[in-house]
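Coordinates as given in my_file_9.tsv (TSV, C-alpha atoms and all ligand atoms):
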chain	number	residue	atom	x	y	z
A	11	MET	CA	119.75	90.99	82.31
A	12	THR	CA	117.85	91.62	79.10
A	13	GLN	CA	114.49	90.19	78.17
A	14	ASN	CA	112.52	90.65	75.01
A	15	PRO	CA	108.74	90.44	74.71
A	16	PRO	CA	107.47	87.50	72.65
A	17	ASP	CA	106.13	89.75	69.89
A	18	ASP	CA	109.42	91.62	69.70
A	19	LEU	CA	110.70	92.70	66.29
A	20	PRO	CA	114.29	92.01	65.20
A	21	ALA	CA	116.56	95.06	64.89
A	22	GLU	CA	117.11	94.55	61.16
A	23	GLU	CA	113.37	94.77	60.47
A	24	VAL	CA	112.71	98.06	62.26
A	25	GLY	CA	114.11	101.58	62.40
A	26	ALA	CA	114.39	102.21	66.09
A	27	CYS	CA	114.82	100.46	69.40
A	28	LEU	CA	113.00	101.37	72.60
A	29	THR	CA	114.80	100.14	75.69
A	30	ILE	CA	112.87	100.10	78.95
A	31	ASP	CA	114.96	100.01	82.09
A	32	LEU	CA	112.93	98.05	84.64
A	33	ALA	CA	115.69	98.47	87.25
A	34	ALA	CA	115.25	102.25	86.99
A	35	LEU	CA	111.46	101.84	87.22
A	36	LYS	CA	111.87	99.83	90.43
A	37	ALA	CA	114.37	102.31	91.87
A	38	ASN	CA	111.95	105.15	91.10
A	39	TRP	CA	109.11	103.31	92.85
A	40	ARG	CA	111.29	102.71	95.91
A	41	MET	CA	112.16	106.40	96.02
A	42	MET	CA	108.48	107.37	95.82
A	43	ALA	CA	107.65	104.77	98.49
A	44	GLU	CA	110.22	106.43	100.74
A	45	ARG	CA	108.72	109.86	100.02
A	46	ALA	CA	105.28	108.45	100.80
A	47	ASP	CA	106.62	107.77	104.30
A	48	THR	CA	104.03	105.83	106.33
A	49	ALA	CA	101.50	105.91	103.48
A	50	GLU	CA	101.33	102.90	101.20
A	51	CYS	CA	102.81	103.62	97.78
A	52	GLY	CA	100.75	102.35	94.87
A	53	ALA	CA	101.46	102.76	91.17
A	54	VAL	CA	99.44	104.19	88.29
A	55	VAL	CA	99.93	101.93	85.24
A	56	LYS	CA	97.21	103.29	82.94
A	57	ALA	CA	97.84	103.89	79.21
A	58	ASP	CA	100.10	100.83	78.96
A	59	ALA	CA	102.09	102.01	81.99
A	60	TYR	CA	102.70	105.39	80.34
A	61	GLY	CA	103.84	103.62	77.18
A	62	THR	CA	106.36	101.32	78.85
A	63	GLY	CA	104.27	98.11	78.71
A	64	ILE	CA	101.63	97.40	81.34
A	65	SER	CA	102.46	93.71	81.99
A	66	GLN	CA	106.22	94.15	82.24
A	67	ALA	CA	105.97	97.37	84.27
A	68	SER	CA	103.37	95.95	86.68
A	69	SER	CA	105.43	92.81	87.30
A	70	ALA	CA	108.57	94.87	87.93
A	71	LEU	CA	106.69	97.17	90.31
A	72	ARG	CA	105.32	94.16	92.17
A	73	ASP	CA	108.90	92.86	92.54
A	74	ALA	CA	109.86	96.25	93.99
A	75	GLY	CA	107.11	95.89	96.60
A	76	CYS	CA	104.07	97.56	95.06
A	77	ARG	CA	100.73	95.95	95.92
A	78	THR	CA	98.12	98.47	94.73
A	79	PHE	CA	97.69	99.42	91.07
A	80	PHE	CA	95.56	102.05	89.38
A	81	VAL	CA	94.44	101.89	85.73
A	82	ALA	CA	91.95	103.94	83.72
A	83	LEU	CA	89.91	101.19	82.07
A	84	PRO	CA	88.64	97.66	82.75
A	85	PHE	CA	90.70	96.06	79.95
A	86	GLU	CA	93.84	97.53	81.49
A	87	ALA	CA	92.81	96.06	84.84
A	88	LEU	CA	92.53	92.64	83.21
A	89	ARG	CA	96.07	92.94	81.84
A	90	VAL	CA	97.36	93.68	85.33
A	91	ARG	CA	95.25	90.88	86.82
A	92	ARG	CA	96.70	88.38	84.34
A	93	ALA	CA	100.24	89.36	85.36
A	94	LEU	CA	99.51	89.74	89.08
A	95	PRO	CA	96.85	87.40	90.52
A	96	ASP	CA	97.06	88.94	94.01
A	97	ALA	CA	97.33	92.67	93.26
A	98	VAL	CA	94.78	95.23	94.42
A	99	ILE	CA	93.57	96.93	91.24
A	100	TYR	CA	91.47	100.09	90.95
A	101	VAL	CA	89.84	101.37	87.75
A	102	LEU	CA	89.95	105.18	87.89
A	103	GLY	CA	87.46	105.63	85.06
A	104	GLY	CA	84.67	104.05	87.08
A	105	LEU	CA	82.04	101.49	86.29
A	106	PRO	CA	80.90	101.48	82.64
A	107	PRO	CA	77.16	100.74	82.19
A	108	GLY	CA	76.60	96.98	82.18
A	109	GLY	CA	80.25	96.33	82.97
A	110	GLU	CA	79.97	95.12	86.59
A	111	ASP	CA	80.68	91.44	85.89
A	112	VAL	CA	84.30	92.02	84.89
A	113	PHE	CA	84.88	93.75	88.23
A	114	VAL	CA	83.20	91.03	90.28
A	115	ASP	CA	84.66	88.07	88.37
A	116	HIS	CA	88.25	89.32	88.49
A	117	ALA	CA	88.23	91.04	91.89
A	118	ILE	CA	88.81	94.46	90.33
A	119	ARG	CA	87.75	97.51	92.30
A	120	PRO	CA	85.91	100.35	90.56
A	121	VAL	CA	86.50	103.96	91.53
A	122	LEU	CA	82.89	105.11	91.87
A	123	ASN	CA	82.66	108.61	90.45
A	124	THR	CA	78.91	109.28	90.24
A	125	PRO	CA	75.78	108.67	92.35
A	126	ASN	CA	74.64	106.30	89.63
A	127	GLU	CA	77.81	104.21	89.86
A	128	ILE	CA	77.42	104.02	93.63
A	129	GLU	CA	73.86	102.74	93.23
A	130	THR	CA	74.93	100.21	90.62
A	131	TRP	CA	77.72	98.84	92.82
A	132	ALA	CA	75.45	98.72	95.88
A	133	THR	CA	72.83	96.81	93.89
A	134	CYS	CA	75.47	94.46	92.55
A	135	CYS	CA	76.66	93.75	96.11
A	136	ARG	CA	73.15	93.17	97.47
A	137	ARG	CA	72.40	90.79	94.62
A	138	SER	CA	75.54	88.74	95.19
A	139	GLY	CA	75.26	88.94	98.97
A	140	LEU	CA	78.85	90.18	99.17
A	141	SER	CA	80.19	93.47	100.49
A	142	LEU	CA	82.66	94.06	97.66
A	143	PRO	CA	85.38	96.72	97.89
A	144	ALA	CA	85.34	99.91	95.81
A	145	ALA	CA	86.80	103.39	95.98
A	146	VAL	CA	84.64	106.49	96.17
A	147	GLN	CA	86.02	109.57	94.47
A	148	LEU	CA	85.17	113.09	95.65
A	149	ASP	CA	85.64	116.17	93.51
A	150	THR	CA	87.52	118.78	95.53
A	151	GLY	CA	87.71	121.54	92.93
A	152	MET	CA	89.20	120.10	89.76
A	153	ASN	CA	85.74	119.59	88.23
A	154	ARG	CA	86.79	116.35	86.63
A	155	LEU	CA	85.81	112.99	88.14
A	156	GLY	CA	84.10	112.30	91.43
A	157	LEU	CA	81.06	113.29	93.46
A	158	SER	CA	80.53	116.97	94.13
A	159	GLU	CA	79.53	118.11	97.60
A	160	ASP	CA	75.93	118.54	96.39
A	161	GLU	CA	75.84	115.05	94.89
A	162	LEU	CA	77.20	113.58	98.09
A	163	GLU	CA	74.54	115.40	100.15
A	164	ALA	CA	71.73	114.46	97.78
A	165	LEU	CA	72.62	110.79	97.58
A	166	PRO	CA	69.28	108.99	98.16
A	167	HIS	CA	69.25	106.56	101.10
A	168	ARG	CA	72.89	107.49	101.58
A	169	LYS	CA	73.57	105.34	104.60
A	170	ASP	CA	71.97	102.22	103.11
A	171	LEU	CA	73.79	102.68	99.84
A	172	LEU	CA	77.19	103.23	101.42
A	173	ASP	CA	76.70	100.34	103.82
A	174	ALA	CA	76.00	97.92	100.96
A	175	PHE	CA	79.65	97.76	99.91
A	176	GLU	CA	83.09	98.14	101.44
A	177	ILE	CA	84.56	101.61	100.88
A	178	SER	CA	88.16	100.45	100.62
A	179	LEU	CA	89.44	103.89	99.57
A	180	VAL	CA	88.21	107.48	99.49
A	181	MET	CA	90.08	109.50	96.93
A	182	SER	CA	90.34	112.82	95.13
A	183	HIS	CA	92.78	114.28	92.61
A	184	LEU	CA	94.96	117.40	92.75
A	185	ALA	CA	94.61	119.87	89.88
A	186	CYS	CA	97.86	121.80	90.44
A	187	ALA	CA	100.27	119.36	92.11
A	188	ASP	CA	103.03	120.17	89.61
A	189	THR	CA	103.19	123.64	91.20
A	190	PRO	CA	103.87	123.11	94.92
A	191	GLU	CA	103.27	126.77	95.84
A	192	HIS	CA	99.86	126.88	94.17
A	193	PRO	CA	97.22	127.80	96.78
A	194	MET	CA	94.76	125.31	95.24
A	195	ASN	CA	96.73	122.38	96.68
A	196	ALA	CA	96.05	123.28	100.31
A	197	ARG	CA	92.47	124.21	99.48
A	198	GLN	CA	91.87	120.78	97.92
A	199	ALA	CA	93.44	119.00	100.91
A	200	GLU	CA	91.09	120.90	103.25
A	201	ARG	CA	88.04	120.17	101.13
A	202	PHE	CA	89.04	116.53	100.91
A	203	ASP	CA	89.19	116.23	104.70
A	204	ALA	CA	85.86	118.02	105.12
A	205	LEU	CA	84.04	115.91	102.51
A	206	ARG	CA	85.40	112.53	103.48
A	207	GLY	CA	84.32	113.27	107.06
A	208	ARG	CA	80.77	112.71	105.79
A	209	LEU	CA	81.58	109.18	104.60
A	210	PRO	CA	82.21	106.08	106.69
A	211	ASP	CA	85.81	105.92	107.88
A	212	ALA	CA	88.08	104.55	105.11
A	213	PRO	CA	91.69	104.80	103.91
A	214	ALA	CA	92.27	108.00	101.93
A	215	SER	CA	94.29	108.86	98.84
A	216	LEU	CA	94.96	112.28	97.30
A	217	ALA	CA	98.55	112.41	96.02
A	218	ASN	CA	99.72	111.77	92.47
A	219	SER	CA	103.48	112.02	91.78
A	220	GLY	CA	103.57	115.76	92.45
A	221	GLY	CA	101.57	115.44	95.67
A	222	THR	CA	103.82	112.60	96.86
A	223	LEU	CA	106.96	114.66	96.24
A	224	ILE	CA	105.49	117.69	98.03
A	225	GLY	CA	104.63	115.40	100.96
A	226	GLU	CA	102.40	116.50	103.83
A	227	PRO	CA	99.50	117.29	103.94
A	228	PHE	CA	98.84	115.25	100.81
A	229	LEU	CA	100.08	111.77	101.71
A	230	HIS	CA	97.14	110.30	103.68
A	231	ASP	CA	97.06	106.47	103.47
A	232	VAL	CA	97.81	105.63	99.82
A	233	ALA	CA	99.95	107.51	97.28
A	234	ARG	CA	99.19	107.18	93.56
A	235	PRO	CA	102.31	108.18	91.60
A	236	GLY	CA	102.45	107.69	87.85
A	237	ILE	CA	104.76	109.93	85.83
A	238	ALA	CA	107.61	109.97	88.37
A	239	LEU	CA	107.89	106.17	88.23
A	240	TYR	CA	108.56	106.41	84.49
A	241	GLY	CA	111.25	109.04	84.97
A	242	GLY	CA	109.12	112.06	84.04
A	243	ARG	CA	109.16	115.44	85.74
A	244	ALA	CA	106.38	115.74	88.31
A	245	LEU	CA	107.18	119.22	89.63
A	246	ALA	CA	107.61	122.11	87.19
A	247	ASP	CA	110.76	124.23	87.47
A	248	ARG	CA	112.45	121.83	89.90
A	249	PRO	CA	115.33	119.44	89.30
A	250	ASN	CA	113.91	116.01	88.48
A	251	PRO	CA	115.30	113.40	90.92
A	252	MET	CA	113.95	110.38	89.02
A	253	ARG	CA	115.98	108.01	86.83
A	254	PRO	CA	115.11	107.90	83.12
A	255	VAL	CA	113.28	104.68	82.27
A	256	VAL	CA	113.03	104.85	78.48
A	257	LYS	CA	115.78	105.08	75.92
A	258	LEU	CA	114.95	105.47	72.23
A	259	GLU	CA	117.60	104.92	69.57
A	260	ALA	CA	117.09	105.26	65.82
A	261	ARG	CA	119.23	103.80	63.06
A	262	ILE	CA	121.00	106.14	60.71
A	263	ILE	CA	119.79	105.22	57.23
A	264	GLN	CA	121.90	107.63	55.22
A	265	THR	CA	124.34	110.48	55.63
A	266	ARG	CA	124.74	113.26	53.08
A	267	ARG	CA	126.34	116.63	52.55
A	268	ALA	CA	124.29	119.71	51.72
A	269	SER	CA	125.35	123.29	51.12
A	270	ALA	CA	124.55	126.52	52.91
A	271	GLY	CA	121.34	127.98	51.50
A	272	GLU	CA	119.74	124.60	50.71
A	273	GLY	CA	116.50	123.54	52.40
A	274	VAL	CA	115.83	120.28	54.22
A	275	GLY	CA	112.72	118.07	54.30
A	276	TYR	CA	109.03	118.76	53.58
A	277	GLY	CA	108.26	122.36	52.79
A	278	LEU	CA	112.00	123.06	53.00
A	279	ALA	CA	110.99	124.42	56.38
A	280	GLU	CA	114.60	125.11	57.35
A	281	THR	CA	117.47	126.46	55.28
A	282	LEU	CA	121.02	125.44	56.16
A	283	LYS	CA	123.21	128.29	57.48
A	284	ARG	CA	126.43	126.45	56.67
A	285	ASP	CA	127.69	123.60	54.54
A	286	SER	CA	126.51	120.64	56.58
A	287	ARG	CA	126.76	116.93	57.08
A	288	LEU	CA	123.27	115.49	57.63
A	289	ALA	CA	122.13	112.17	59.05
A	290	VAL	CA	118.71	110.76	58.19
A	291	LEU	CA	117.27	108.72	61.09
A	292	ALA	CA	114.74	105.88	60.82
A	293	ALA	CA	112.00	107.24	63.11
A	294	GLY	CA	109.29	109.84	62.71
A	295	TYR	CA	105.84	110.88	63.85
A	296	GLY	CA	104.48	107.52	62.63
A	297	ASP	CA	106.46	106.11	65.56
A	298	GLY	CA	104.94	108.54	68.04
A	299	TYR	CA	107.89	110.95	67.92
A	300	LEU	CA	106.20	114.34	68.08
A	301	ARG	CA	106.12	116.20	64.78
A	302	ALA	CA	105.95	119.47	66.72
A	303	ALA	CA	109.55	118.81	67.86
A	304	GLY	CA	110.86	119.49	64.34
A	305	SER	CA	112.99	122.51	63.55
A	306	THR	CA	112.06	125.60	61.53
A	307	GLU	CA	113.72	128.92	60.74
A	308	SER	CA	111.97	130.60	63.63
A	309	ARG	CA	112.10	127.85	66.24
A	310	PRO	CA	114.84	125.31	66.95
A	311	GLY	CA	113.68	121.73	67.42
A	312	ALA	CA	114.76	118.72	69.43
A	313	ARG	CA	118.30	117.34	69.59
A	314	VAL	CA	119.68	113.85	69.08
A	315	HIS	CA	122.84	112.40	70.58
A	316	VAL	CA	125.63	110.18	69.28
A	317	GLY	CA	128.45	109.08	71.53
A	318	GLY	CA	127.77	111.95	73.91
A	319	TYR	CA	127.78	114.54	71.10
A	320	SER	CA	124.65	116.58	70.52
A	321	ALA	CA	123.12	117.46	67.14
A	322	PRO	CA	120.02	119.53	66.26
A	323	LEU	CA	117.18	118.31	64.08
A	324	VAL	CA	116.86	120.25	60.84
A	325	GLY	CA	113.52	120.71	59.13
A	326	ARG	CA	110.28	118.92	59.80
A	327	VAL	CA	109.88	115.47	61.30
A	328	SER	CA	108.40	113.17	58.61
A	329	MET	CA	106.28	110.08	59.20
A	330	ASP	CA	109.18	107.61	59.02
A	331	VAL	CA	112.34	109.70	59.17
A	332	MET	CA	113.87	112.82	60.60
A	333	THR	CA	117.10	114.61	59.77
A	334	ALA	CA	119.81	115.93	62.10
A	335	ASP	CA	122.74	118.22	61.37
A	336	VAL	CA	125.69	116.12	62.53
A	337	SER	CA	128.42	118.44	61.21
A	338	ASP	CA	129.92	118.78	64.72
A	339	ILE	CA	130.12	115.05	65.41
A	340	PRO	CA	133.23	113.05	64.38
A	341	GLU	CA	132.48	111.38	61.06
A	342	ASP	CA	133.36	107.86	62.17
A	343	LEU	CA	130.59	107.99	64.80
A	344	VAL	CA	127.88	108.90	62.32
A	345	MET	CA	127.61	106.32	59.57
A	346	ALA	CA	124.74	104.49	57.93
A	347	GLY	CA	123.89	101.60	60.23
A	348	SER	CA	124.96	103.27	63.47
A	349	TYR	CA	122.44	104.60	65.99
A	350	ALA	CA	121.50	108.01	67.37
A	351	GLN	CA	119.80	108.47	70.72
A	352	LEU	CA	116.47	110.31	70.50
A	353	LEU	CA	115.46	109.91	74.15
A	354	GLY	CA	117.44	108.90	77.20
A	355	SER	CA	119.67	110.52	79.79
A	356	ASP	CA	121.21	113.02	77.29
A	357	PHE	CA	117.87	114.26	76.05
A	358	THR	CA	114.98	113.37	78.33
A	359	VAL	CA	111.31	112.82	77.77
A	360	ASP	CA	110.76	116.28	79.28
A	361	ASP	CA	113.40	117.90	77.04
A	362	LEU	CA	111.50	116.58	74.02
A	363	ALA	CA	108.19	117.71	75.54
A	364	ASP	CA	109.56	121.22	76.09
A	365	CYS	CA	110.63	121.41	72.42
A	366	ALA	CA	107.20	120.29	71.24
A	367	GLY	CA	105.18	122.48	73.59
A	368	THR	CA	103.74	119.57	75.54
A	369	ILE	CA	104.40	117.48	78.65
A	370	GLY	CA	106.46	114.35	79.27
A	371	TYR	CA	103.23	112.40	79.83
A	372	GLU	CA	102.29	112.89	76.18
A	373	VAL	CA	105.76	111.99	74.89
A	374	LEU	CA	105.67	108.72	76.85
A	375	THR	CA	102.11	107.70	76.01
A	376	ASP	CA	102.70	108.48	72.31
A	377	LEU	CA	105.65	106.09	72.08
A	378	GLY	CA	104.73	104.09	69.01
A	379	ARG	CA	104.34	100.43	68.34
A	380	ARG	CA	106.88	100.32	65.51
A	381	TYR	CA	109.91	99.91	67.71
A	382	ARG	CA	111.87	96.88	68.69
A	383	ARG	CA	111.27	96.78	72.44
A	384	VAL	CA	113.91	95.62	74.82
A	385	TYR	CA	113.37	95.25	78.55
A	386	ARG	CA	116.51	95.54	80.69
A	387	ASP	CA	116.61	94.74	84.36
A	388	GLY	CA	119.87	95.57	86.08
B	1	LIG	C1	96.88	109.65	86.13
B	1	LIG	C2	96.45	109.78	87.54
B	1	LIG	C3	97.38	109.71	88.59
B	1	LIG	C4	98.88	109.70	88.36
B	1	LIG	O1	99.28	111.04	88.11
B	1	LIG	P1	100.82	111.42	87.86
B	1	LIG	O2	100.78	112.89	87.71
B	1	LIG	O3	101.22	110.73	86.61
B	1	LIG	O4	101.58	110.95	89.03
B	1	LIG	C5	96.90	109.68	89.89
B	1	LIG	N1	95.57	109.77	90.14
B	1	LIG	C6	94.64	109.88	89.15
B	1	LIG	C7	93.21	109.99	89.51
B	1	LIG	C8	95.06	109.92	87.83
B	1	LIG	O5	94.15	110.05	86.86
Let me see whether you can do it: turn the structure in this file into structure tokens.
Amino acid sequence: MTQNPPDDLPAEEVGACLTIDLAALKANWRMMAERADTAECGAVVKADAYGTGISQASSALRDAGCRTFFVALPFEALRVRRALPDAVIYVLGGLPPGGEDVFVDHAIRPVLNTPNEIETWATCCRRSGLSLPAAVQLDTGMNRLGLSEDELEALPHRKDLLDAFEISLVMSHLACADTPEHPMNARQAERFDALRGRLPDAPASLANSGGTLIGEPFLHDVARPGIALYGGRALADRPNPMRPVVKLEARIIQTRRASAGEGVGYGLAETLKRDSRLAVLAAGYGDGYLRAAGSTESRPGARVHVGGYSAPLVGRVSMDVMTADVSDIPEDLVMAGSYAQLLGSDFTVDDLADCAGTIGYEVLTDLGRRYRRVYRDG
């Protein structure tokens, strides 16, 4: 089954097509839910569901069985709420000043990260006479979001404050979950158990994708995977068991021949070593394809694929186009109007990230808005 979003662009008006495999997304969630064992498996759908489309991804995840969703910002929560009237939705970025009404009116749960946010939510609950649910985040060593031990201890009228609302989740975040053998993981799990012992009893959540794949002692009551659902690598230096979710294909605008010794693209950053057949593809950094994945004399760049054949990029990635050396691909496969795969099962999000010196998360969330988007399900 194929479905296109209403604002979809026709193929002949764009350069590239982004296909999002919702069946793979659902299969990935089911696999993470199995790994989560007796813990509930939620889903992190922040940043437009890692670039895949927050409404479509959330609906697909709900169909797979997911009931609890995590986003970074209130407007993202509203997108999920519109698609899923019954979902449990947490906003990881907390309660922005003056922003309580959105949470109350749409039954969205803030993740309270500071003493001030806890006070604001408690006041909001007292005023409305309702004990509304919220998560409390504890910092266990990452020094990012959440209450420190000192802040927790110093919380004024702690018992009154914490009794004013329903602590529906106590959470913390792992700093090194992509490295299972890192000693910080166990240290954070211990700190988490010690700190949450000082709060009223509530369901607990520590694991992102990495933590969920490592398993105990990180599973607790709710798992919060993100990257693994979208097919990205959650554990460094391990085979990635997830199915790719995104496929990106760019149209070949033009093919040309160029001779050994000639340069290609801006700055002539790469000189051809042999007489070559080149294909110019209709996608570039203006589409979110990372410029750092281009090829230079000193560092090979990303690869593209046509009919199972692989070809290297040559020269820099431009805003709208990039060039590949397709000399080793049969000529009848590489013609103006045919397509080359930039991302997919032949060359994954993490392969591109490795070429560009970044992580799959950034490749996914950079996926541009200039593509035709196609959602496939099954
Ligand atoms: C983004 C995020 C996650 C998901 O992390 P992944 O590594 O993508 O699985 C989980 N928890 C918090 C607090 C996050 O910010």
> ligand LIG 1 (chain B): which residues are within 7 Å, counting all atoms listed in the file, as number ranges by chain?
Replying inline: A: 54, 102, 182-183, 217-220, 234-238, 244
Please produce a file of the residues just selected, as a PDB file, in the coordinates of the input, where the atoms kept are C-alpha atoms.
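Listed below is the output, again_30.pdb:
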ATOM      1  CA  VAL A  54      99.440 104.190  88.290  1.00  0.00           C
ATOM      2  CA  LEU A 102      89.950 105.180  87.890  1.00  0.00           C
ATOM      3  CA  SER A 182      90.340 112.820  95.130  1.00  0.00           C
ATOM      4  CA  HIS A 183      92.780 114.280  92.610  1.00  0.00           C
ATOM      5  CA  ALA A 217      98.550 112.410  96.020  1.00  0.00           C
ATOM      6  CA  ASN A 218      99.720 111.770  92.470  1.00  0.00           C
ATOM      7  CA  SER A 219     103.480 112.020  91.780  1.00  0.00           C
ATOM      8  CA  GLY A 220     103.570 115.760  92.450  1.00  0.00           C
ATOM      9  CA  ARG A 234      99.190 107.180  93.560  1.00  0.00           C
ATOM     10  CA  PRO A 235     102.310 108.180  91.600  1.00  0.00           C
ATOM     11  CA  GLY A 236     102.450 107.690  87.850  1.00  0.00           C
ATOM     12  CA  ILE A 237     104.760 109.930  85.830  1.00  0.00           C
ATOM     13  CA  ALA A 238     107.610 109.970  88.370  1.00  0.00           C
ATOM     14  CA  ALA A 244     106.380 115.740  88.310  1.00  0.00           C
TER      15      ALA A 244
END
>> Which residues are near stretch 346-351 of chain A? Cut-off 8 Å, only C-alpha atoms, ignore same chain within fewer than 6 positions. Put them as a ChimeraX atom specification.
In response: /A:257-265,291,314-316
> What is the atom CA of A:Lys36 to atom CA of A:Ala97 distance in Å?
Replying inline: 16.5 Å
>> Env of stretch 146-154 of chain A: 7 Å cut, atoms = only C-alpha atoms, seq-sep filter 3 positions within chain, self excluded. Answer as a list of chain:residue names.
In response: A:Val121, A:Leu122, A:Asn123, A:Leu157, A:Ser158, A:Ile177, A:Leu179, A:Val180, A:Met181, A:Ser182, A:Ala185, A:Gln198, A:Arg201, A:Phe202
> Mind pulling up the distance from atom CA of A:Tyr240 to atom CA of A:Gly370?
Replying inline: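 If I compute the distance from atom CA of A:Gly370 to atom CA of A:Tyr240, I get 9.7 Å.
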Applying 9 Å and only C-alpha atoms, which residues near stretch 353-359 of chain A remain after dropping the ones on its own chain fewer than 3 positions away? List them as a compact mmCIF listing (two decimals) with C-alpha atoms, keeping the file's coordinate frame.
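And here's selection17.txt as it stands now:
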# COMPACT_ATOMS: atom_id res chain seq x y z
CA GLY A 241 111.25 109.04 84.97
CA GLY A 242 109.12 112.06 84.04
CA ARG A 243 109.16 115.44 85.74
CA ARG A 253 115.98 108.01 86.83
CA PRO A 254 115.11 107.90 83.12
CA VAL A 255 113.28 104.68 82.27
CA VAL A 256 113.03 104.85 78.48
CA LYS A 257 115.78 105.08 75.92
CA LEU A 258 114.95 105.47 72.23
CA GLU A 259 117.60 104.92 69.57
CA ALA A 312 114.76 118.72 69.43
CA ARG A 313 118.30 117.34 69.59
CA VAL A 314 119.68 113.85 69.08
CA HIS A 315 122.84 112.40 70.58
CA GLY A 318 127.77 111.95 73.91
CA SER A 320 124.65 116.58 70.52
CA LEU A 362 111.50 116.58 74.02
CA ALA A 363 108.19 117.71 75.54
CA ASP A 364 109.56 121.22 76.09
CA ILE A 369 104.40 117.48 78.65
CA GLY A 370 106.46 114.35 79.27
CA TYR A 371 103.23 112.40 79.83
CA VAL A 373 105.76 111.99 74.89
CA LEU A 374 105.67 108.72 76.85
> Do you know which residues are at most 9 Å from A:Leu165 counting all atoms listed in the file, after dropping those on the same chain fewer than 5 positions away, and could you put them as a list of chain:residue names?
Replying inline: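 Non-adjacent residues within range: A:Pro125, A:Asp160, A:Leu171.
Atom to atom, atom CA of A:Ser286 and atom CA of A:Cys365 stand 22.4 Å apart.
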> Can you tell me, as an MDAnalysis selection string, what residues are no more than 8 Å from A:Cys27 when counting all atoms listed in the file, ignoring any on the same chain fewer than 2 positions away?
Replying inline: chainID A and resid 21 24:25 29 258:260 381:384
> Which residue out of A:Ala57, A:Leu245, A:Cys51, A:Leu300 has the minimum interatomic distance to A:Met329 when only C-alpha atoms are used?
Replying inline: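 Ranked by minimum distance to A:Met329, first place goes to A:Leu300.
Nearest residue to A:Gly61 among A:Glu372, A:Asp342, A:Asp387, A:Asp361 is A:Glu372, counting only C-alpha atoms.
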With 3 Å added on each side, what axis-aligned box encloses every listed atom of stretch 51-60 of chain A? Give the centre and edge lengths in Å to one decimal, as AutoDock Vina command-line options.
--center_x 100.0 --center_y 103.1 --center_z 88.4 --size_x 11.6 --size_y 10.6 --size_z 24.8
Using all atoms listed in the file, can you list as a compact mmCIF listing (two decimals) with C-alpha atoms, in the frame of the given file the residues within 12 Å of (108.3, 120.7, 61.2)?
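Wrote point-v6.txt, looks like this:
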# COMPACT_ATOMS: atom_id res chain seq x y z
CA VAL A 274 115.83 120.28 54.22
CA GLY A 275 112.72 118.07 54.30
CA TYR A 276 109.03 118.76 53.58
CA GLY A 277 108.26 122.36 52.79
CA LEU A 278 112.00 123.06 53.00
CA ALA A 279 110.99 124.42 56.38
CA GLU A 280 114.60 125.11 57.35
CA GLY A 294 109.29 109.84 62.71
CA TYR A 295 105.84 110.88 63.85
CA TYR A 299 107.89 110.95 67.92
CA LEU A 300 106.20 114.34 68.08
CA ARG A 301 106.12 116.20 64.78
CA ALA A 302 105.95 119.47 66.72
CA ALA A 303 109.55 118.81 67.86
CA GLY A 304 110.86 119.49 64.34
CA SER A 305 112.99 122.51 63.55
CA THR A 306 112.06 125.60 61.53
CA GLU A 307 113.72 128.92 60.74
CA SER A 308 111.97 130.60 63.63
CA ARG A 309 112.10 127.85 66.24
CA PRO A 310 114.84 125.31 66.95
CA GLY A 311 113.68 121.73 67.42
CA ALA A 312 114.76 118.72 69.43
CA LEU A 323 117.18 118.31 64.08
CA VAL A 324 116.86 120.25 60.84
CA GLY A 325 113.52 120.71 59.13
CA ARG A 326 110.28 118.92 59.80
CA VAL A 327 109.88 115.47 61.30
CA SER A 328 108.40 113.17 58.61
CA MET A 329 106.28 110.08 59.20
CA VAL A 331 112.34 109.70 59.17
CA MET A 332 113.87 112.82 60.60
CA THR A 333 117.10 114.61 59.77
CA CYS A 365 110.63 121.41 72.42
CA ALA A 366 107.20 120.29 71.24
> So which one's closest to A:Thr281, A:Glu127, A:Asp330, A:Asp335, A:Asp247? Using only C-alpha atoms, please.
Replying inline: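 Checking each of A:Glu127, A:Asp330, A:Asp335, A:Asp247 against A:Thr281, counting only C-alpha atoms, the winner is A:Asp335.
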> Given the choices A:Ile118, A:Met345, A:Met252, A:Ala293, which gets closest to A:Arg40 if the distance is worked out from only C-alpha atoms?
Replying inline: A:Met252
> Nearest to A:Gly225: which of A:Leu352, A:Ala204, A:Ala196, A:Val81 is it, counting all atoms listed in the file?
Replying inline: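 Among the listed residues, the smallest separation from A:Gly225 belongs to A:Ala196.
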> In terms of the shortest atom-to-atom distance over only C-alpha atoms, which of A:Leu172, A:Ala145, A:Ala82, A:Ala268 is closest to A:Val55?
Replying inline: A:Ala82
>> If we draw a sphere of 12 Å around (108.4, 109.6, 107.5), which residues have at least one atom in it when counting only C-alpha atoms? Please report them as an MDAnalysis selection string.
In response: chainID A and resid 42:50 222 225:226 229:230
